[in-house]
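Participant: Please find final15.cif (mmCIF, C-alpha atoms and all ligand atoms) on the next line:
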data_model
loop_
_atom_site.label_atom_id
_atom_site.label_comp_id
_atom_site.auth_asym_id
_atom_site.auth_seq_id
_atom_site.Cartn_x
_atom_site.Cartn_y
_atom_site.Cartn_z
CA MET A 1 12.49 6.29 37.61
CA SER A 2 12.78 3.97 34.66
CA ASN A 3 15.76 4.43 32.40
CA LYS A 4 14.03 2.67 29.55
CA PRO A 5 13.54 4.77 26.40
CA LYS A 6 10.27 6.69 26.42
CA ILE A 7 8.11 6.22 23.36
CA LEU A 8 4.58 6.86 22.24
CA VAL A 9 2.87 4.06 20.31
CA SER A 10 0.07 5.60 18.28
CA ARG A 11 -2.05 2.49 17.61
CA LEU A 12 -2.93 -0.72 19.42
CA LEU A 13 -0.57 -3.39 18.07
CA PRO A 14 -0.80 -7.22 18.24
CA ASP A 15 -0.50 -8.67 21.77
CA VAL A 16 3.03 -10.03 21.46
CA VAL A 17 4.21 -6.71 20.09
CA GLU A 18 2.52 -4.83 22.95
CA GLN A 19 4.19 -7.25 25.40
CA ARG A 20 7.62 -6.57 23.93
CA ILE A 21 6.94 -2.83 24.12
CA ALA A 22 5.90 -3.14 27.79
CA GLY A 23 9.12 -5.05 28.58
CA ASN A 24 11.59 -2.76 26.86
CA TYR A 25 10.05 0.70 26.87
CA ASP A 26 8.47 3.26 29.07
CA ALA A 27 5.60 3.62 26.64
CA ILE A 28 2.46 5.64 26.22
CA THR A 29 0.20 3.18 24.44
CA ASN A 30 -3.30 3.43 23.01
CA PRO A 31 -5.24 0.42 24.37
CA ASP A 32 -8.55 1.76 23.02
CA ASP A 33 -6.97 2.32 19.61
CA ASN A 34 -8.44 5.80 19.31
CA VAL A 35 -7.38 7.68 16.20
CA LEU A 36 -4.91 10.27 17.48
CA SER A 37 -4.64 13.68 15.86
CA ALA A 38 -1.30 15.45 15.51
CA ARG A 39 -2.41 17.62 18.45
CA ASP A 40 -3.15 14.52 20.59
CA ILE A 41 0.36 13.22 19.94
CA LEU A 42 2.02 16.58 20.51
CA ASN A 43 0.15 16.97 23.81
CA GLN A 44 1.79 13.77 25.08
CA ALA A 45 5.19 14.19 23.44
CA ARG A 46 7.09 16.06 26.13
CA GLY A 47 10.10 14.09 27.34
CA LEU A 48 9.68 11.31 24.78
CA ASP A 49 12.65 9.77 22.94
CA GLY A 50 10.77 8.30 20.00
CA LEU A 51 7.47 7.62 18.26
CA LEU A 52 6.07 4.40 16.85
CA VAL A 53 3.41 5.52 14.39
CA SER A 54 1.45 3.93 11.57
CA ALA A 55 0.29 5.16 8.18
CA THR A 56 -2.80 6.69 9.82
CA GLU A 57 -0.71 9.39 11.51
CA LYS A 58 0.34 12.17 9.21
CA CYS A 59 3.77 13.43 10.23
CA ASP A 60 4.10 16.53 8.08
CA ALA A 61 6.66 19.32 8.41
CA ALA A 62 4.48 21.33 10.83
CA PHE A 63 4.05 18.30 13.10
CA ILE A 64 7.73 17.42 13.01
CA SER A 65 8.83 20.97 13.75
CA SER A 66 6.52 20.97 16.81
CA LEU A 67 8.02 17.80 18.30
CA PRO A 68 10.28 18.22 21.34
CA ASP A 69 14.03 18.04 20.60
CA SER A 70 14.26 14.87 22.71
CA ILE A 71 12.53 12.84 19.95
CA LYS A 72 15.20 11.38 17.71
CA ILE A 73 13.41 8.54 15.94
CA ILE A 74 10.07 7.92 14.26
CA ALA A 75 9.53 4.23 13.49
CA THR A 76 6.55 3.61 11.25
CA PHE A 77 4.57 0.38 11.35
CA SER A 78 4.29 0.31 7.53
CA VAL A 79 6.44 -0.16 4.51
CA GLY A 80 5.10 3.07 3.00
CA TYR A 81 6.38 6.33 4.47
CA ASP A 82 4.56 8.88 2.34
CA HIS A 83 2.78 10.05 5.51
CA ILE A 84 6.09 11.31 6.90
CA ASP A 85 7.96 14.35 5.65
CA LEU A 86 11.40 12.75 5.42
CA GLU A 87 13.25 15.95 4.71
CA ALA A 88 11.67 17.76 7.67
CA ALA A 89 12.65 14.79 9.84
CA ARG A 90 16.22 14.81 8.52
CA ASN A 91 16.48 18.56 9.15
CA ALA A 92 15.21 18.01 12.70
CA GLY A 93 17.83 15.27 13.25
CA ILE A 94 15.13 12.58 13.44
CA VAL A 95 15.76 9.12 12.00
CA VAL A 96 12.78 7.53 10.21
CA THR A 97 12.46 3.75 9.81
CA ASN A 98 9.87 1.56 8.06
CA THR A 99 9.01 -2.17 7.90
CA PRO A 100 9.95 -3.54 4.46
CA ASP A 101 10.07 -7.18 3.26
CA ILE A 102 7.75 -8.83 5.74
CA LEU A 103 4.52 -7.61 4.14
CA THR A 104 5.61 -8.29 0.57
CA ASP A 105 3.87 -11.67 0.24
CA ALA A 106 0.66 -10.67 2.00
CA THR A 107 0.33 -7.57 -0.20
CA ALA A 108 1.14 -9.47 -3.41
CA ASP A 109 -1.51 -12.04 -2.46
CA ILE A 110 -4.08 -9.24 -2.20
CA ALA A 111 -2.99 -7.91 -5.61
CA LEU A 112 -3.79 -11.31 -7.14
CA LEU A 113 -7.10 -11.45 -5.28
CA LEU A 114 -7.97 -8.02 -6.71
CA MET A 115 -6.84 -9.02 -10.18
CA LEU A 116 -8.99 -12.13 -10.22
CA GLY A 117 -11.83 -10.44 -8.38
CA ALA A 118 -11.97 -7.49 -10.77
CA ALA A 119 -11.52 -9.60 -13.91
CA ARG A 120 -13.92 -12.42 -13.07
CA GLY A 121 -16.69 -10.42 -11.44
CA ALA A 122 -16.21 -11.25 -7.77
CA TYR A 123 -18.31 -8.25 -6.76
CA TRP A 124 -21.19 -8.50 -9.22
CA GLY A 125 -21.19 -12.29 -9.11
CA GLU A 126 -21.47 -12.32 -5.34
CA GLN A 127 -24.23 -9.72 -5.49
CA MET A 128 -26.20 -11.96 -7.85
CA VAL A 129 -26.07 -14.78 -5.35
CA ARG A 130 -26.75 -12.68 -2.26
CA LYS A 131 -29.47 -10.53 -3.80
CA GLN A 132 -31.11 -13.45 -5.57
CA THR A 133 -30.82 -11.87 -9.00
CA TRP A 134 -29.22 -15.10 -10.28
CA ALA A 135 -32.25 -16.28 -12.19
CA ARG A 136 -30.61 -19.06 -14.19
CA TRP A 137 -27.25 -20.02 -15.62
CA ALA A 138 -26.70 -18.77 -19.19
CA PRO A 139 -23.94 -19.60 -21.71
CA THR A 140 -23.49 -16.02 -22.90
CA HIS A 141 -23.73 -13.82 -19.82
CA PRO A 142 -22.54 -12.58 -17.50
CA LEU A 143 -18.89 -13.01 -18.45
CA GLY A 144 -15.58 -11.93 -17.00
CA ILE A 145 -12.10 -11.43 -18.45
CA ASP A 146 -9.39 -14.09 -18.68
CA ILE A 147 -6.21 -13.42 -16.76
CA THR A 148 -4.40 -16.54 -17.99
CA TYR A 149 -2.07 -15.65 -20.91
CA ALA A 150 -2.98 -11.94 -20.61
CA THR A 151 -0.32 -9.25 -20.37
CA LEU A 152 0.27 -7.79 -16.94
CA GLY A 153 2.05 -4.45 -16.66
CA ILE A 154 3.66 -3.82 -13.30
CA LEU A 155 4.27 -0.17 -12.52
CA GLY A 156 7.07 -0.09 -9.96
CA MET A 157 8.86 -3.41 -9.89
CA GLY A 158 10.23 -3.29 -6.35
CA ARG A 159 9.81 -6.03 -3.75
CA ILE A 160 6.01 -6.17 -3.98
CA GLY A 161 5.93 -5.79 -7.78
CA GLN A 162 8.36 -8.70 -8.08
CA ALA A 163 6.21 -10.83 -5.78
CA VAL A 164 3.15 -10.00 -7.92
CA ALA A 165 5.13 -11.06 -11.03
CA GLU A 166 6.11 -14.34 -9.35
CA ARG A 167 2.44 -15.14 -8.72
CA ALA A 168 1.31 -13.96 -12.16
CA ARG A 169 3.76 -16.42 -13.78
CA ALA A 170 1.61 -19.23 -12.37
CA PHE A 171 -1.21 -17.82 -14.54
CA LYS A 172 1.12 -17.85 -17.57
CA MET A 173 0.82 -14.08 -17.82
CA ASN A 174 3.18 -12.15 -20.02
CA ILE A 175 4.86 -9.66 -17.68
CA ASN A 176 5.99 -6.16 -18.62
CA TYR A 177 7.30 -3.62 -16.16
CA PHE A 178 8.05 0.05 -15.94
CA LYS A 179 10.68 1.25 -13.50
CA ARG A 180 13.34 3.95 -13.43
CA GLN A 181 16.12 1.39 -13.61
CA ARG A 182 16.18 -1.98 -15.24
CA LEU A 183 16.49 -4.97 -12.91
CA GLU A 184 19.24 -7.58 -13.10
CA ALA A 185 18.31 -10.40 -15.50
CA ASP A 186 17.84 -13.00 -12.73
CA ILE A 187 15.42 -10.73 -10.86
CA GLU A 188 13.69 -9.73 -14.08
CA ASN A 189 13.15 -13.44 -14.70
CA GLY A 190 11.72 -13.06 -18.19
CA ALA A 191 9.71 -9.87 -17.54
CA ASN A 192 10.05 -7.23 -20.27
CA TYR A 193 11.49 -3.88 -19.25
CA PHE A 194 10.00 -0.60 -20.49
CA GLU A 195 11.94 2.59 -20.05
CA SER A 196 9.11 4.74 -21.38
CA LEU A 197 5.75 4.95 -19.62
CA ASP A 198 4.05 5.91 -22.88
CA GLU A 199 5.34 2.75 -24.56
CA PHE A 200 4.58 0.59 -21.54
CA LEU A 201 0.92 1.58 -20.99
CA PRO A 202 -0.50 0.40 -24.35
CA THR A 203 0.77 -3.11 -23.53
CA CYS A 204 -1.07 -3.38 -20.19
CA GLN A 205 -4.26 -5.43 -20.41
CA PHE A 206 -3.81 -5.57 -16.65
CA LEU A 207 -2.01 -2.75 -14.87
CA SER A 208 -0.84 -3.36 -11.31
CA LEU A 209 0.27 -0.29 -9.35
CA ASN A 210 3.14 -1.26 -7.10
CA CYS A 211 5.11 1.97 -6.81
CA ALA A 212 5.55 4.18 -3.77
CA SER A 213 3.59 7.40 -3.49
CA THR A 214 6.08 10.15 -4.33
CA SER A 215 5.98 13.55 -6.02
CA GLN A 216 6.61 11.67 -9.31
CA THR A 217 3.83 9.11 -8.92
CA ARG A 218 1.01 11.10 -7.29
CA GLY A 219 -1.81 11.43 -9.82
CA LEU A 220 0.12 9.35 -12.37
CA ILE A 221 -2.99 7.38 -13.31
CA ASN A 222 -5.03 10.12 -14.89
CA ARG A 223 -7.02 10.84 -18.06
CA ARG A 224 -3.87 11.08 -20.21
CA THR A 225 -2.21 7.90 -18.98
CA ILE A 226 -5.50 5.95 -18.91
CA SER A 227 -6.09 6.92 -22.56
CA LYS A 228 -2.84 5.10 -23.44
CA LEU A 229 -4.09 1.79 -21.99
CA PRO A 230 -5.70 -0.76 -24.28
CA ASP A 231 -9.50 -0.51 -24.34
CA GLY A 232 -10.97 -2.72 -21.63
CA ALA A 233 -7.87 -2.71 -19.42
CA VAL A 234 -8.07 -3.73 -15.75
CA ILE A 235 -6.36 -1.62 -13.08
CA ILE A 236 -5.21 -3.01 -9.73
CA ASN A 237 -4.04 -0.78 -6.88
CA THR A 238 -2.39 -2.13 -3.74
CA ALA A 239 0.06 0.78 -3.48
CA ARG A 240 -1.47 4.12 -2.49
CA GLY A 241 -4.73 5.80 -3.44
CA ASP A 242 -3.13 9.08 -4.43
CA ILE A 243 -1.37 7.48 -7.42
CA VAL A 244 -4.81 7.54 -9.03
CA ASN A 245 -6.90 10.54 -10.05
CA ASP A 246 -10.35 9.37 -8.92
CA ASP A 247 -12.36 11.55 -11.32
CA ASP A 248 -10.43 10.18 -14.28
CA LEU A 249 -10.52 6.53 -13.21
CA ILE A 250 -14.24 6.69 -12.41
CA GLU A 251 -14.97 8.28 -15.79
CA ALA A 252 -12.99 5.49 -17.50
CA LEU A 253 -14.81 2.81 -15.48
CA GLN A 254 -18.14 4.36 -16.44
CA SER A 255 -17.27 4.53 -20.14
CA GLY A 256 -15.77 1.03 -20.22
CA LYS A 257 -12.35 2.32 -21.32
CA VAL A 258 -11.23 0.61 -18.13
CA ALA A 259 -13.28 -2.58 -17.92
CA ALA A 260 -12.72 -3.20 -14.22
CA ALA A 261 -10.62 -2.16 -11.24
CA GLY A 262 -9.51 -3.89 -8.08
CA LEU A 263 -8.71 -1.38 -5.36
CA ASP A 264 -7.33 -1.93 -1.86
CA VAL A 265 -6.17 1.65 -1.35
CA PHE A 266 -7.90 4.97 -1.91
CA ASN A 267 -7.57 8.69 -1.67
CA ASN A 268 -8.83 9.91 1.70
CA GLU A 269 -9.32 6.50 3.35
CA PRO A 270 -11.75 5.50 4.77
CA ASN A 271 -13.92 8.29 3.32
CA ILE A 272 -13.42 7.20 -0.25
CA ASP A 273 -15.00 8.77 -3.31
CA PRO A 274 -18.60 7.46 -2.90
CA ARG A 275 -18.96 6.88 -6.64
CA TYR A 276 -16.76 3.79 -6.33
CA ARG A 277 -19.47 2.15 -4.23
CA THR A 278 -21.98 2.53 -7.04
CA LEU A 279 -19.86 0.93 -9.76
CA GLU A 280 -20.52 -2.72 -10.58
CA ASN A 281 -17.15 -3.19 -12.24
CA VAL A 282 -14.97 -2.49 -9.22
CA PHE A 283 -13.86 -4.92 -6.56
CA LEU A 284 -13.09 -3.02 -3.37
CA LEU A 285 -11.21 -3.94 -0.22
CA PRO A 286 -10.53 -1.79 2.88
CA HIS A 287 -6.71 -1.58 2.77
CA LEU A 288 -6.08 -5.24 3.62
CA GLY A 289 -2.64 -5.56 2.00
CA SER A 290 -0.82 -6.47 5.20
CA ALA A 291 -3.86 -7.68 7.13
CA THR A 292 -2.89 -11.11 8.45
CA PRO A 293 -1.90 -11.83 12.06
CA ASP A 294 1.61 -13.06 11.18
CA THR A 295 2.29 -10.10 8.94
CA ARG A 296 1.07 -7.54 11.46
CA ILE A 297 3.16 -9.20 14.20
CA ALA A 298 6.21 -9.22 11.94
CA MET A 299 5.65 -5.54 11.15
CA GLY A 300 5.50 -4.68 14.85
CA MET A 301 8.61 -6.72 15.61
CA ARG A 302 10.47 -5.10 12.73
CA ALA A 303 9.51 -1.61 13.96
CA LEU A 304 10.76 -2.59 17.45
CA ASP A 305 13.99 -4.04 16.04
CA ASN A 306 14.62 -0.62 14.53
CA LEU A 307 13.81 1.19 17.78
CA ASP A 308 15.91 -1.24 19.86
CA ALA A 309 18.89 -0.81 17.53
CA PHE A 310 18.58 2.95 17.66
CA PHE A 311 18.40 3.11 21.45
CA ASN A 312 21.32 0.64 21.72
CA GLU A 313 23.38 3.02 19.61
CA GLN A 314 23.41 0.74 16.61
CA THR A 315 22.25 1.64 13.11
CA PRO A 316 18.63 0.56 12.56
CA LYS A 317 18.26 -1.71 9.55
CA ASP A 318 15.46 0.20 7.86
CA ILE A 319 16.36 3.88 7.91
CA VAL A 320 14.60 5.64 5.02
CA ASN A 321 15.83 9.20 5.43
CA LEU A 322 19.63 8.89 5.40
C1 LIG B 401 -0.28 -1.21 6.34
C2 LIG B 401 0.62 -0.36 4.10
O1 LIG B 401 -1.22 -2.10 6.80
O2 LIG B 401 2.65 -0.88 5.15
C3 LIG B 401 2.06 -0.16 4.38
O3 LIG B 401 2.62 0.79 3.80
O4 LIG B 401 0.09 0.22 3.25
C4 LIG B 401 -0.26 -1.30 4.85
O5 LIG B 401 -0.10 -2.57 4.35
C5 LIG B 401 -0.65 0.09 6.90
O6 LIG B 401 -0.08 1.14 6.23
C6 LIG B 401 -0.33 0.08 8.38
O7 LIG B 401 0.40 1.18 8.83
#
Take the structure in this file and express it as structure tokens.
Ligand code: 8YV
Facilitator:
Amino acid sequence: MSNKPKILVSRLLPDVVEQRIAGNYDAITNPDDNVLSARDILNQARGLDGLLVSATEKCDAAFISSLPDSIKIIATFSVGYDHIDLEAARNAGIVVTNTPDILTDATADIALLLMLGAARGAYWGEQMVRKQTWARWAPTHPLGIDITYATLGILGMGRIGQAVAERARAFKMNINYFKRQRLEADIENGANYFESLDEFLPTCQFLSLNCASTSQTRGLINRRTISKLPDGAVIINTARGDIVNDDDLIEALQSGKVAAAGLDVFNNEPNIDPRYRTLENVFLLPHLGSATPDTRIAMGMRALDNLDAFFNEQTPKDIVNL
């Protein structure tokens, strides 16, 4: 019998990550990458020491309370951990870890792609070419929105928000941010701090959502907050879909109050609100924030570093429910 720790790995991970898992763990893996329900995981959980999940597996209080007592760690292959009930895990004596830092650049790159794509008509422009509705070039239409010298408001200026700001500086954007606590001046690096959301929103020609999904931020972008934005604002979301109220954003996109949106994340992925697909002024991506080979490998390695530390009786670097 192997004395390696026993884990379940919910999704198929990059080859080198799977190889490291095979070397160090007695693992139940998912080579076909089927989407596992909570029941599927629970049915295989007996005798396990830990779980390596991703954001596609909802670990709510009911799931956590049904896990065998032998499971002492849930490592998630994601920086976000809104799919895990941290308090239920803490109460069950389960450590939860995530994978911060290594997907910061890849996600910030996607935020800039969305910002440019939404503002300059990447969707409708591409449709014109592909559908052959590009009859002739014209000086007056169609036109996009300049990002250079515009004001970018960053909601949630953590690691990813700061990386978005760093990129936006190359476009000479004026950067404002809203966060619970002001950053140190060297990290702020010229960005203007707003303590009040209601004072921050009217400044945001571009609004980039870079906060975590929490009880304070869910539904934060709604009719009331959208009404505070300047007319013709552009909204970018690389954080989580549930920060946005879809009915209210779609209404604002239809009326032109919000001129365009760039969205990489949605409520109820992948079954998103179908109205988004019909809007010309949205640029949509299928949750690609961390989707590069190096980033996905680094995420897997980071999740394994946390598991290895835990099973070697060291403190994992990325515990999120202390
Ligand atoms: C991941 C993400 O690709 O890490 C996160 O929180 O949102 C994504 O970039 C995805 O969640 C994988 O678990």
Participant: Could you check how far atom O5 of ligand LIG 401 (chain B) sits from atom CA of Gly289 of chain A, in Å to one decimal?
Facilitator: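 It comes out at 4.6 Å.
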Participant: Find the residues around segment 236-244 of chain A up to 9 Å (all atoms listed in the file counted), leave out those fewer than 5 positions away in its own chain, and share them as a VMD selection string.
Facilitator: chain A and resid 80 107 to 108 110 to 112 114 to 115 118 206 to 214 217 to 222 249 260 to 269 287 to 289
Participant: Out of A:Glu184, A:Glu313, A:Asp273, A:Asp105, which residue has the shortest atom-to-atom distance to ligand LIG 401 (chain B) when counting all atoms listed in the file?
Facilitator: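 The shortest atom-to-atom distance to ligand LIG 401 (chain B) comes from A:Asp105.
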Participant: Pick out the residues no farther than 6 Å from ligand LIG 401 (chain B), counting all atoms listed in the file, and list them as a VMD selection string.
Facilitator: chain A and resid 54 to 55 77 to 80 289 to 290
Participant: Draw an axis-aligned box tight on the listed atoms of segment 49-52 of chain A, then pad every side by 8 Å and write out centre and edge lengths in Å to one decimal as lines of an AutoDock Vina configuration file.
Facilitator:
center_x = 9.4
center_y = 7.1
center_z = 19.9
size_x = 22.6
size_y = 21.4
size_z = 22.1
Participant: From the options A:His83, A:Val234, A:Ala45, A:Ala88, which residue's atoms come nearest to Asp69 of chain A, counting all atoms listed in the file?
Facilitator: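 The answer is A:Ala45, which sits nearest to Asp69 of chain A.
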Participant: Around (-10.5, -11.5, -13.3), as given in the file, which residues come within 12 Å? Count only C-alpha atoms and list them as a PyMOL selection string.
Facilitator: chain A and resi 111-125+143-148+150+152+171+205-206+233-236+259-262+281-283
Participant: Between atom CA of Pro286 of chain A and atom CA of Ile28 of chain A, measure the distance and give it in Å to one decimal.
Facilitator: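 Pair atom CA of Pro286 of chain A / atom CA of Ile28 of chain A returns 27.7 Å.
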Participant: Using all atoms listed in the file, find the one residue out of A:Lys257, A:Arg20, A:Arg182, A:Lys228 that sits nearest to Leu304 of chain A.
Facilitator: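 Looking only at the distances to Leu304 of chain A, the closest residue turns out to be A:Arg20.
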Participant: For Ala22 of chain A, which residue out of A:Ala191, A:Val35, A:Val164, A:Ile7 is the nearest one, using all atoms listed in the file?
Facilitator: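 Among the listed residues, the smallest separation from Ala22 of chain A belongs to A:Ile7.
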Participant: Which of these, A:Gln19, A:Asp85, A:Leu201, A:Ala135, has the shortest distance to Ser215 of chain A once you count all atoms listed in the file?
Facilitator: A:Asp85
Participant: Please, what distance in Å, to one decimal, runs between atom CA of Asn34 of chain A and atom CA of Arg11 of chain A?
Facilitator: 7.4 Å
Participant: Which polymer residues, whether protein, DNA or RNA, lie within 7 Å of the coordinate (9.3, 6.4, 15.7) when you count all atoms listed in the file? List them as a VMD selection string, using the chain letters and numbers from the file.
Facilitator: chain A and resid 50 to 53 73 to 76 96
Participant: Which is closest to Phe310 of chain A among A:Leu285, A:Val129, A:Val95, A:Ile226, if we use all atoms listed in the file?
Facilitator: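 Of A:Leu285, A:Val129, A:Val95, A:Ile226, the one nearest Phe310 of chain A, counting all atoms listed in the file, is A:Val95.
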Participant: Leaving out Ser66 of chain A and any residue of its chain fewer than 3 positions from it, which residues lie within 12 Å of it when counting only C-alpha atoms, given as a list in words?
Facilitator: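 In the requested format, the answer is Ala38, Arg39, Ile41, Leu42, Asn43, Gln44, Ala45, Arg46, Cys59, Asp60, Ala61, Ala62, Phe63, Asp69, Ser70, Ile71, Ala88, Ala89 and Ala92 of chain A.
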Participant: Would you mind putting back all heavy atoms on segment 273-282 of chain A, then writing it out as a short mmCIF file (atom, residue, chain, number, x, y, z; two decimals), keeping the file's coordinate frame?
Facilitator:
data_model
loop_
_atom_site.label_atom_id
_atom_site.label_comp_id
_atom_site.auth_asym_id
_atom_site.auth_seq_id
_atom_site.Cartn_x
_atom_site.Cartn_y
_atom_site.Cartn_z
N ASP A 273 -14.07 8.18 -2.36
CA ASP A 273 -15.00 8.77 -3.31
C ASP A 273 -16.23 7.86 -3.37
O ASP A 273 -16.11 6.68 -3.77
CB ASP A 273 -14.35 8.89 -4.69
CG ASP A 273 -15.20 9.71 -5.64
OD1 ASP A 273 -16.43 9.46 -5.68
OD2 ASP A 273 -14.66 10.58 -6.32
N PRO A 274 -17.43 8.35 -3.00
CA PRO A 274 -18.60 7.46 -2.90
C PRO A 274 -19.01 6.84 -4.22
O PRO A 274 -19.70 5.82 -4.24
CB PRO A 274 -19.70 8.37 -2.35
CG PRO A 274 -19.22 9.76 -2.53
CD PRO A 274 -17.72 9.73 -2.62
N ARG A 275 -18.57 7.43 -5.34
CA ARG A 275 -18.96 6.88 -6.64
C ARG A 275 -18.42 5.48 -6.85
O ARG A 275 -19.01 4.67 -7.56
CB ARG A 275 -18.50 7.81 -7.77
CG ARG A 275 -19.28 9.13 -7.81
CD ARG A 275 -18.69 10.09 -8.82
NE ARG A 275 -17.34 10.50 -8.44
CZ ARG A 275 -16.54 11.24 -9.20
NH1 ARG A 275 -16.94 11.62 -10.40
NH2 ARG A 275 -15.33 11.59 -8.78
N TYR A 276 -17.29 5.15 -6.19
CA TYR A 276 -16.76 3.79 -6.33
C TYR A 276 -17.78 2.75 -5.86
O TYR A 276 -17.88 1.67 -6.40
CB TYR A 276 -15.46 3.61 -5.54
CG TYR A 276 -14.25 4.21 -6.20
CD1 TYR A 276 -13.50 5.21 -5.56
CD2 TYR A 276 -13.83 3.79 -7.46
CE1 TYR A 276 -12.38 5.76 -6.16
CE2 TYR A 276 -12.70 4.34 -8.07
CZ TYR A 276 -11.99 5.32 -7.41
OH TYR A 276 -10.89 5.86 -8.01
N ARG A 277 -18.52 3.12 -4.81
CA ARG A 277 -19.47 2.15 -4.23
C ARG A 277 -20.61 1.84 -5.18
O ARG A 277 -21.28 0.82 -5.03
CB ARG A 277 -20.07 2.70 -2.93
CG ARG A 277 -19.03 2.90 -1.86
CD ARG A 277 -19.69 3.15 -0.49
NE ARG A 277 -18.64 3.58 0.43
CZ ARG A 277 -18.46 4.82 0.83
NH1 ARG A 277 -19.30 5.76 0.47
NH2 ARG A 277 -17.46 5.12 1.63
N THR A 278 -20.83 2.73 -6.13
CA THR A 278 -21.98 2.53 -7.04
C THR A 278 -21.59 1.78 -8.31
O THR A 278 -22.46 1.42 -9.10
CB THR A 278 -22.58 3.89 -7.45
OG1 THR A 278 -21.63 4.56 -8.28
CG2 THR A 278 -22.91 4.76 -6.26
N LEU A 279 -20.31 1.57 -8.51
CA LEU A 279 -19.86 0.93 -9.76
C LEU A 279 -19.86 -0.58 -9.61
O LEU A 279 -19.29 -1.12 -8.66
CB LEU A 279 -18.46 1.42 -10.13
CG LEU A 279 -18.36 2.90 -10.54
CD1 LEU A 279 -16.90 3.33 -10.61
CD2 LEU A 279 -19.03 3.12 -11.88
N GLU A 280 -20.45 -1.25 -10.59
CA GLU A 280 -20.52 -2.72 -10.58
C GLU A 280 -19.18 -3.34 -10.94
O GLU A 280 -18.91 -4.49 -10.59
CB GLU A 280 -21.53 -3.19 -11.65
CG GLU A 280 -22.96 -2.89 -11.32
CD GLU A 280 -23.55 -3.92 -10.37
OE1 GLU A 280 -23.31 -5.11 -10.57
OE2 GLU A 280 -24.25 -3.52 -9.42
N ASN A 281 -18.38 -2.60 -11.71
CA ASN A 281 -17.15 -3.19 -12.24
C ASN A 281 -15.91 -2.89 -11.39
O ASN A 281 -14.80 -2.86 -11.90
CB ASN A 281 -16.93 -2.76 -13.71
CG ASN A 281 -16.98 -1.24 -13.89
OD1 ASN A 281 -17.40 -0.52 -13.00
ND2 ASN A 281 -16.57 -0.78 -15.05
N VAL A 282 -16.13 -2.61 -10.11
CA VAL A 282 -14.97 -2.49 -9.22
C VAL A 282 -15.09 -3.49 -8.08
O VAL A 282 -16.19 -3.80 -7.61
CB VAL A 282 -14.78 -1.06 -8.65
CG1 VAL A 282 -14.39 -0.08 -9.73
CG2 VAL A 282 -16.01 -0.58 -7.91
#
